[in-house]
file target-v4.txt (compact mmCIF, C-alpha atoms)
# COMPACT_ATOMS: atom_id res chain seq x y z
CA ASP A 69 -19.09 82.33 53.08
CA VAL A 70 -19.25 84.23 56.33
CA LYS A 71 -16.01 83.70 58.20
CA ASP A 72 -15.65 83.77 61.97
CA LEU A 73 -14.26 87.01 63.31
CA GLU A 74 -10.73 86.71 64.66
CA LEU A 75 -10.06 88.24 68.05
CA ARG A 76 -7.27 90.80 67.59
CA SER A 77 -7.04 92.59 70.92
CA ILE A 78 -8.77 93.08 74.24
CA ILE A 79 -7.58 95.36 77.00
CA GLY A 80 -9.15 94.97 80.40
CA PHE A 81 -8.54 93.64 83.90
CA ASP A 82 -11.35 93.63 86.46
CA GLY A 83 -9.25 92.57 89.47
CA ASN A 84 -11.73 89.93 90.67
CA ALA A 85 -9.14 87.11 90.70
CA MET A 86 -6.97 87.26 93.81
CA LYS A 87 -3.39 88.20 92.85
CA GLY A 88 -4.55 87.91 89.25
CA LEU A 89 -2.17 90.37 87.57
CA LYS A 90 1.26 88.83 86.96
CA VAL A 91 4.46 90.20 85.44
CA HIS A 92 6.40 87.63 83.43
CA PRO A 93 10.07 87.18 84.47
CA ASP A 94 11.16 88.54 81.08
CA GLY A 95 9.89 91.93 82.25
CA CYS A 96 8.11 92.57 78.96
CA SER A 97 4.72 90.91 79.41
CA ILE A 98 1.84 90.98 81.84
CA ILE A 99 -0.52 88.04 82.35
CA TYR A 100 -4.06 88.20 83.69
CA PRO A 101 -7.41 86.40 83.48
CA PHE A 102 -9.96 87.81 81.05
CA GLY A 103 -13.22 85.91 81.40
CA THR A 104 -12.59 82.37 80.17
CA LYS A 105 -9.19 83.23 78.63
CA VAL A 106 -5.73 83.96 79.95
CA ALA A 107 -4.46 87.18 78.38
CA ILE A 108 -0.76 87.81 77.71
CA GLN A 109 0.06 91.39 76.78
CA ASN A 110 3.47 92.47 75.54
CA MET A 111 4.04 95.90 77.07
CA GLU A 112 6.61 96.92 74.46
CA THR A 113 4.75 96.01 71.27
CA LYS A 114 1.24 96.38 72.79
CA THR A 115 0.24 93.05 71.24
CA HIS A 116 -1.93 90.40 72.87
CA ARG A 117 -2.30 86.67 72.72
CA TYR A 118 -4.80 84.46 74.51
CA LEU A 119 -4.74 81.01 76.06
CA GLU A 120 -8.05 79.28 75.42
CA GLY A 121 -9.19 76.08 77.14
CA HIS A 122 -11.44 77.01 80.06
CA ASN A 123 -15.22 76.91 79.79
CA ASN A 124 -16.00 79.29 82.65
CA VAL A 125 -14.56 82.31 84.45
CA ILE A 126 -10.90 81.99 85.47
CA SER A 127 -10.40 82.52 89.21
CA SER A 128 -6.62 82.24 89.60
CA VAL A 129 -3.40 82.44 87.55
CA ALA A 130 0.25 81.78 88.34
CA VAL A 131 3.60 82.06 86.57
CA SER A 132 6.49 79.68 87.28
CA ARG A 133 9.82 80.98 88.57
CA THR A 134 11.59 81.11 85.18
CA GLY A 135 8.42 81.93 83.25
CA LYS A 136 8.38 78.59 81.43
CA TYR A 137 4.84 77.76 82.55
CA ILE A 138 1.57 79.52 83.27
CA ALA A 139 -1.17 77.91 85.37
CA SER A 140 -4.83 78.83 85.59
CA GLY A 141 -7.86 77.58 87.53
CA GLN A 142 -11.52 78.37 87.04
CA ILE A 143 -14.98 78.58 88.61
CA ASN A 144 -17.69 76.14 87.55
CA HIS A 145 -21.36 75.46 88.24
CA MET A 146 -22.47 73.57 91.34
CA GLY A 147 -21.89 69.85 90.93
CA PHE A 148 -19.22 70.23 88.23
CA LYS A 149 -15.45 69.92 88.40
CA ALA A 150 -13.24 73.01 88.12
CA PRO A 151 -10.10 72.27 86.06
CA VAL A 152 -6.54 73.48 86.54
CA ILE A 153 -4.54 73.92 83.31
CA VAL A 154 -0.76 74.32 82.97
CA TRP A 155 0.35 76.08 79.78
CA ASP A 156 3.66 76.34 77.99
CA TYR A 157 4.38 80.08 77.87
CA ALA A 158 6.34 80.04 74.60
CA SER A 159 3.88 78.02 72.51
CA GLY A 160 0.67 78.85 74.38
CA GLN A 161 -0.30 75.18 74.36
CA PRO A 162 -1.61 73.24 77.39
CA VAL A 163 0.89 70.71 78.77
CA PHE A 164 -1.09 69.37 81.73
CA GLN A 165 -4.61 69.47 83.17
CA HIS A 166 -6.35 68.01 86.19
CA ASP A 167 -9.97 68.13 87.36
CA SER A 168 -9.57 67.36 91.06
CA HIS A 169 -11.52 70.30 92.51
CA LYS A 170 -15.25 70.83 92.83
CA VAL A 171 -16.95 74.08 91.72
CA ARG A 172 -14.01 76.49 92.23
CA VAL A 173 -10.23 76.71 92.19
CA GLU A 174 -9.28 79.27 94.82
CA ASN A 175 -5.54 79.58 94.13
CA VAL A 176 -2.76 77.96 92.07
CA GLN A 177 1.02 78.14 92.50
CA PHE A 178 4.16 76.45 91.15
CA SER A 179 6.91 74.99 93.29
CA VAL A 180 10.21 76.83 92.94
CA CYS A 181 11.68 73.96 90.84
CA GLU A 182 8.66 74.16 88.47
CA ASN A 183 8.05 70.40 88.77
CA TYR A 184 4.89 70.62 90.88
CA ILE A 185 1.62 72.50 90.56
CA ILE A 186 -0.20 73.24 93.84
CA SER A 187 -3.88 74.17 93.88
CA LEU A 188 -6.52 75.03 96.46
CA GLY A 189 -10.20 74.27 96.09
CA GLY A 190 -12.93 76.68 97.22
CA ARG A 191 -15.45 76.30 100.04
CA ASP A 192 -17.26 73.45 98.25
CA ASP A 193 -14.02 71.51 97.95
CA THR A 194 -11.57 72.62 100.73
CA ASN A 195 -8.74 70.41 99.41
CA VAL A 196 -5.12 71.19 98.64
CA VAL A 197 -3.87 69.12 95.69
CA VAL A 198 -0.35 68.69 94.30
CA PHE A 199 0.51 67.18 90.90
CA ASP A 200 3.81 66.39 89.19
CA ILE A 201 3.71 68.36 85.93
CA ILE A 202 6.27 66.18 84.15
CA THR A 203 4.75 62.77 84.91
CA GLY A 204 1.16 63.88 85.43
CA ASP A 205 1.01 61.90 88.68
CA ALA A 206 -0.94 63.08 91.70
CA ILE A 207 1.37 63.59 94.68
CA CYS A 208 -1.28 64.28 97.29
CA GLY A 209 -4.75 65.58 98.03
CA THR A 210 -5.99 66.42 101.51
CA PHE A 211 -8.07 68.89 103.54
CA SER A 212 -6.36 72.27 103.55
CA SER A 213 -7.21 73.17 107.17
CA ASN A 214 -8.21 71.50 110.42
CA LEU A 215 -11.76 71.21 111.79
CA ASN A 216 -11.35 74.23 114.10
CA ALA A 217 -10.48 76.67 111.30
CA GLY A 218 -12.10 78.07 108.19
CA ASP A 219 -11.20 77.64 104.54
CA ALA A 220 -7.73 78.22 103.10
CA VAL A 221 -7.70 80.79 100.29
CA THR A 222 -4.05 81.41 99.39
CA ILE A 223 -0.75 79.57 98.81
CA GLY A 224 2.79 80.73 99.53
CA VAL A 225 5.75 78.85 98.05
CA LEU A 226 9.21 78.71 99.60
CA ASN A 227 12.43 79.71 97.83
CA VAL A 228 15.02 77.24 99.19
CA HIS A 229 12.99 74.28 100.42
CA ASN A 230 11.49 73.08 97.18
CA LEU A 231 9.17 70.49 98.75
CA CYS A 232 7.54 72.94 101.16
CA PHE A 233 4.71 75.45 100.85
CA LEU A 234 2.26 77.39 103.02
CA THR A 235 -1.51 77.71 102.90
CA GLY A 236 -3.45 80.44 104.68
CA GLY A 237 -7.03 81.53 105.09
CA VAL A 238 -9.72 82.03 107.71
CA TYR A 239 -8.02 81.43 111.08
CA THR A 240 -5.64 78.97 109.42
CA LEU A 241 -1.97 78.95 108.46
CA ARG A 242 -0.16 75.68 107.71
CA LEU A 243 3.30 74.64 106.56
CA TRP A 244 3.28 71.60 104.27
CA THR A 245 6.13 69.24 103.35
CA LEU A 246 5.80 67.00 100.30
CA ASP A 247 7.05 63.41 100.10
CA PRO A 248 6.88 62.64 96.36
CA LYS A 249 8.29 59.12 96.70
CA ASN A 250 5.53 58.03 99.06
CA LYS A 251 2.96 60.37 97.49
CA SER A 252 2.06 62.02 100.75
CA VAL A 253 2.19 65.40 102.46
CA LEU A 254 2.61 66.46 106.08
CA GLY A 255 0.89 69.62 107.31
CA VAL A 256 1.84 71.50 110.48
CA ASP A 257 -0.29 74.29 111.94
CA VAL A 258 1.65 77.48 112.67
CA LEU A 259 1.48 78.49 116.33
CA MET A 260 -0.35 81.83 116.47
CA GLY A 261 -1.52 81.97 120.10
CA LYS A 262 -4.79 83.88 120.42
CA ILE A 263 -4.34 85.78 117.15
CA ARG A 264 -7.18 85.10 114.70
CA ARG A 265 -6.99 86.57 111.21
CA LYS A 266 -8.08 85.85 107.65
CA ILE A 267 -4.84 85.58 105.70
CA THR A 268 -5.15 86.83 102.12
CA CYS A 269 -1.55 86.68 100.83
CA ILE A 270 1.78 85.09 101.79
CA GLU A 271 5.35 86.03 100.86
CA VAL A 272 8.48 84.19 102.01
CA ASP A 273 11.97 85.74 102.20
CA LYS A 274 14.73 84.38 99.96
CA HIS A 275 16.32 82.35 102.79
CA ASP A 276 13.03 80.77 103.95
CA GLU A 277 13.61 82.22 107.40
CA TYR A 278 10.42 84.27 107.69
CA ALA A 279 7.01 84.37 106.03
CA TRP A 280 5.00 87.59 105.84
CA CYS A 281 1.22 87.26 105.73
CA GLY A 282 -1.22 89.99 104.74
CA THR A 283 -4.68 89.91 106.33
CA SER A 284 -8.19 91.15 105.58
CA THR A 285 -7.97 93.57 108.53
CA GLY A 286 -4.79 95.21 107.23
CA ASP A 287 -2.48 93.64 109.82
CA LEU A 288 0.85 92.13 108.77
CA MET A 289 1.88 88.87 110.42
CA LYS A 290 5.54 87.80 110.69
CA ILE A 291 6.09 84.04 110.93
CA LYS A 292 9.37 82.30 111.85
CA LEU A 293 9.54 79.07 109.82
CA ASN A 294 12.26 77.42 111.97
CA PHE A 295 14.17 75.50 109.30
CA CYS A 296 17.69 74.31 110.02
CA LYS A 297 20.12 76.84 108.55
CA GLU A 298 23.00 74.33 108.48
CA ASP A 299 21.06 71.67 106.56
CA LEU A 300 19.14 73.21 103.68
CA LYS A 301 18.23 69.76 102.32
CA ASN A 302 16.13 69.06 105.41
CA SER A 303 12.56 69.94 104.38
CA HIS A 304 11.16 69.61 107.89
CA PRO A 305 11.37 72.49 110.41
CA VAL A 306 13.37 71.75 113.56
CA SER A 307 10.52 73.14 115.64
CA THR A 308 6.93 74.19 115.01
CA PRO A 309 6.68 77.43 112.96
CA SER A 310 5.36 80.27 115.12
CA LEU A 311 4.08 83.83 115.04
CA VAL A 312 6.72 86.45 115.82
CA GLY A 313 4.45 89.49 115.66
CA CYS A 314 1.26 90.94 114.25
CA PHE A 315 1.77 94.52 113.09
CA ALA A 316 -0.90 97.12 112.42
CA LYS A 317 -0.94 100.79 111.43
CA HIS A 318 -0.97 103.10 114.44
CA SER A 319 -3.64 105.78 114.28
CA LYS A 320 -2.33 109.32 114.95
CA LYS A 321 -5.87 110.40 115.77
CA GLN A 322 -6.11 107.92 118.65
CA GLU A 323 -2.70 109.02 119.92
CA THR A 324 -3.83 112.68 119.97
CA THR A 325 -7.07 111.79 121.76
CA SER A 326 -5.33 109.74 124.44
CA THR A 327 -2.74 112.50 125.04
CA ALA A 328 -5.46 115.10 125.46
call {"tool": "encode", "arguments": {"input": "target-v4.txt", "output": "structure tokens"}}
result
Amino acid sequence: DVKDLELRSIIGFDGNAMKGLKVHPDGCSIIYPFGTKVAIQNMETKTHRYLEGHNNVISSVAVSRTGKYIASGQINHMGFKAPVIVWDYASGQPVFQHDSHKVRVENVQFSVCENYIISLGGRDDTNVVVFDIITGDAICGTFSSNLNAGDAVTIGVLNVHNLCFLTGGVYTLRLWTLDPKNKSVLGVDVLMGKIRRKITCIEVDKHDEYAWCGTSTGDLMKIKLNFCKEDLKNSHPVSTPSLVGCFAKHSKKQETTSTA
């Protein structure tokens, strides 16, 4: 009998998935997409293990706050659904899956409490979808941006306000508040004046006071989220989130030219 070859080890990361290289909270392992598999490499023992369940190239991965879960989304052919899978990190087994997006999953993220999985569809889908991992229930699904903006491509989760998250993309930045009981979500566009940027990444400070957004042009946007500091249980901002500043690198060459 000819037995199937067992995959022992693969080392490689092409960087095509946005924010695709993750460090597990244990500090010992890195996690990244490798074709149709999610690779987990222990940096101390140099051993690998692989999460198998996707049937096409993985486009996004995420790790929950404590490292209990890993999530992954994939690309698929036109006309087919692109699944999102949540894995148990310890066992490597899938614990939840949904197929709510068409063609491509652009980004996946966990809420800070690890109860919800948030995912963004690509340009053929344009929806933001939230599921309860424990119950498997859909919390919401809606368009990720308004009609005057482009597609959202990235998600930023908050650290104190568990039911809130941000989505950003082409000329769009929105703060969302979940209402799990009524299975709905409220999205508020951040006030950015005349500034127009493609947002590629979002990080929020530990107090949920400011969000920092990286852009395709290299600018850094600072956003004031305007939550009530005295009432941390209030998941709605007291006023519309707004742009504080858009910072760019100052060219020394231009400064020299203008001085001359």
call {"tool": "atom_distance", "arguments": {"input": "target-v4.txt", "atom1": "CA of Asp167 (chain A)", "atom2": "CA of Gly121 (chain A)"}}
result
13.0 Å
call {"tool": "atom_distance", "arguments": {"input": "target-v4.txt", "atom1": "CA of Asp192 (chain A)", "atom2": "CA of Ser179 (chain A)"}}
result
24.7 Å
call {"tool": "closest_residue", "arguments": {"input": "target-v4.txt", "among": "A:Lys251, A:Lys262, A:His229, A:Lys290", "to": "Ser303 (chain A)", "atoms": "all atoms listed in the file"}}
result
A:His229
call {"tool": "residues_around", "arguments": {"input": "target-v4.txt", "residues": "Tyr137 (chain A)", "least_positions_apart": "5", "cutoff": "8 Å", "atoms": "only C-alpha atoms", "output": "list of chain:residue names"}}
result
A:Val131, A:Ser132, A:Val154, A:Trp155, A:Asp156, A:Tyr157, A:Glu182
call {"tool": "atom_distance", "arguments": {"input": "target-v4.txt", "atom1": "CA of Gly313 (chain A)", "atom2": "CA of Ser187 (chain A)"}}
result
27.9 Å
call {"tool": "residues_around", "arguments": {"input": "target-v4.txt", "residues": "region 87-97 of chain A", "least_positions_apart": "6", "cutoff": "10 Å", "atoms": "only C-alpha atoms", "output": "PyMOL selection string"}}
result
chain A and resi 81+107-116+126-136+138+140+157+175+222+268-269
call {"tool": "axis_aligned_box", "arguments": {"input": "target-v4.txt", "around": "region 93-99 of chain A", "padding_each_side": "4 Å", "output": "JSON"}}
result
{"center_x": 5.3, "center_y": 89.9, "center_z": 81.7, "size_x": 19.7, "size_y": 13.4, "size_z": 13.5}
call {"tool": "residues_around", "arguments": {"input": "target-v4.txt", "residues": "Ile263 (chain A)", "least_positions_apart": "3", "cutoff": "9 Å", "atoms": "only C-alpha atoms", "output": "list in words"}}
result
Tyr239, Met260, Leu311 and Cys314 of chain A
call {"tool": "residues_around", "arguments": {"input": "target-v4.txt", "residues": "His166 (chain A)", "least_positions_apart": "6", "cutoff": "8 Å", "atoms": "all atoms listed in the file", "output": "count of residues only"}}
result
3
call {"tool": "closest_residue", "arguments": {"input": "target-v4.txt", "among": "A:Phe233, A:Val238, A:Met289, A:Val106", "to": "Pro162 (chain A)", "atoms": "only C-alpha atoms"}}
result
A:Val106
call {"tool": "residues_around", "arguments": {"input": "target-v4.txt", "residues": "region 283-287 of chain A", "least_positions_apart": "6", "cutoff": "7 Å", "atoms": "only C-alpha atoms", "output": "list in words"}}
result
Arg265, Lys266, Ile267, Thr268, Cys314, Phe315 and Ala316 of chain A
call {"tool": "closest_residue", "arguments": {"input": "target-v4.txt", "among": "A:Ala158, A:Ile99, A:Val197, A:Cys208", "to": "Glu174 (chain A)", "atoms": "only C-alpha atoms"}}
result
A:Val197
call {"tool": "build_atoms", "arguments": {"input": "target-v4.txt", "residues": "region 122-139 of chain A", "atoms": "N, CA and C atoms", "output": "short mmCIF file (atom, residue, chain, number, x, y, z; two decimals), keeping the file's coordinate frame"}}
result
data_model
loop_
_atom_site.label_atom_id
_atom_site.label_comp_id
_atom_site.auth_asym_id
_atom_site.auth_seq_id
_atom_site.Cartn_x
_atom_site.Cartn_y
_atom_site.Cartn_z
N HIS A 122 -10.45 77.03 78.97
CA HIS A 122 -11.44 77.01 80.06
C HIS A 122 -12.84 77.24 79.50
N ASN A 123 -13.83 76.72 80.22
CA ASN A 123 -15.22 76.91 79.79
C ASN A 123 -16.02 77.77 80.75
N ASN A 124 -15.33 78.37 81.72
CA ASN A 124 -16.00 79.29 82.65
C ASN A 124 -14.96 80.28 83.17
N VAL A 125 -15.41 81.20 84.01
CA VAL A 125 -14.56 82.31 84.45
C VAL A 125 -13.32 81.81 85.19
N ILE A 126 -12.16 82.35 84.82
CA ILE A 126 -10.90 81.99 85.47
C ILE A 126 -10.79 82.72 86.80
N SER A 127 -10.44 81.96 87.85
CA SER A 127 -10.40 82.52 89.21
C SER A 127 -8.99 82.72 89.74
N SER A 128 -7.99 82.11 89.10
CA SER A 128 -6.62 82.24 89.60
C SER A 128 -5.62 81.97 88.48
N VAL A 129 -4.50 82.69 88.49
CA VAL A 129 -3.40 82.44 87.55
C VAL A 129 -2.09 82.48 88.31
N ALA A 130 -1.09 81.79 87.76
CA ALA A 130 0.25 81.78 88.34
C ALA A 130 1.28 81.65 87.23
N VAL A 131 2.49 82.16 87.50
CA VAL A 131 3.60 82.06 86.57
C VAL A 131 4.75 81.36 87.30
N SER A 132 5.39 80.39 86.64
CA SER A 132 6.49 79.68 87.28
C SER A 132 7.72 80.59 87.42
N ARG A 133 8.68 80.15 88.21
CA ARG A 133 9.82 80.98 88.57
C ARG A 133 10.59 81.52 87.36
N THR A 134 10.85 80.67 86.37
CA THR A 134 11.59 81.11 85.18
C THR A 134 10.68 81.64 84.08
N GLY A 135 9.36 81.49 84.26
CA GLY A 135 8.42 81.93 83.25
C GLY A 135 8.13 80.89 82.19
N LYS A 136 8.61 79.66 82.41
CA LYS A 136 8.38 78.59 81.43
C LYS A 136 6.92 78.20 81.33
N TYR A 137 6.23 78.20 82.49
CA TYR A 137 4.84 77.76 82.55
C TYR A 137 3.92 78.85 83.08
N ILE A 138 2.66 78.75 82.69
CA ILE A 138 1.57 79.52 83.27
C ILE A 138 0.52 78.52 83.73
N ALA A 139 -0.09 78.76 84.88
CA ALA A 139 -1.17 77.91 85.37
C ALA A 139 -2.42 78.75 85.57
#
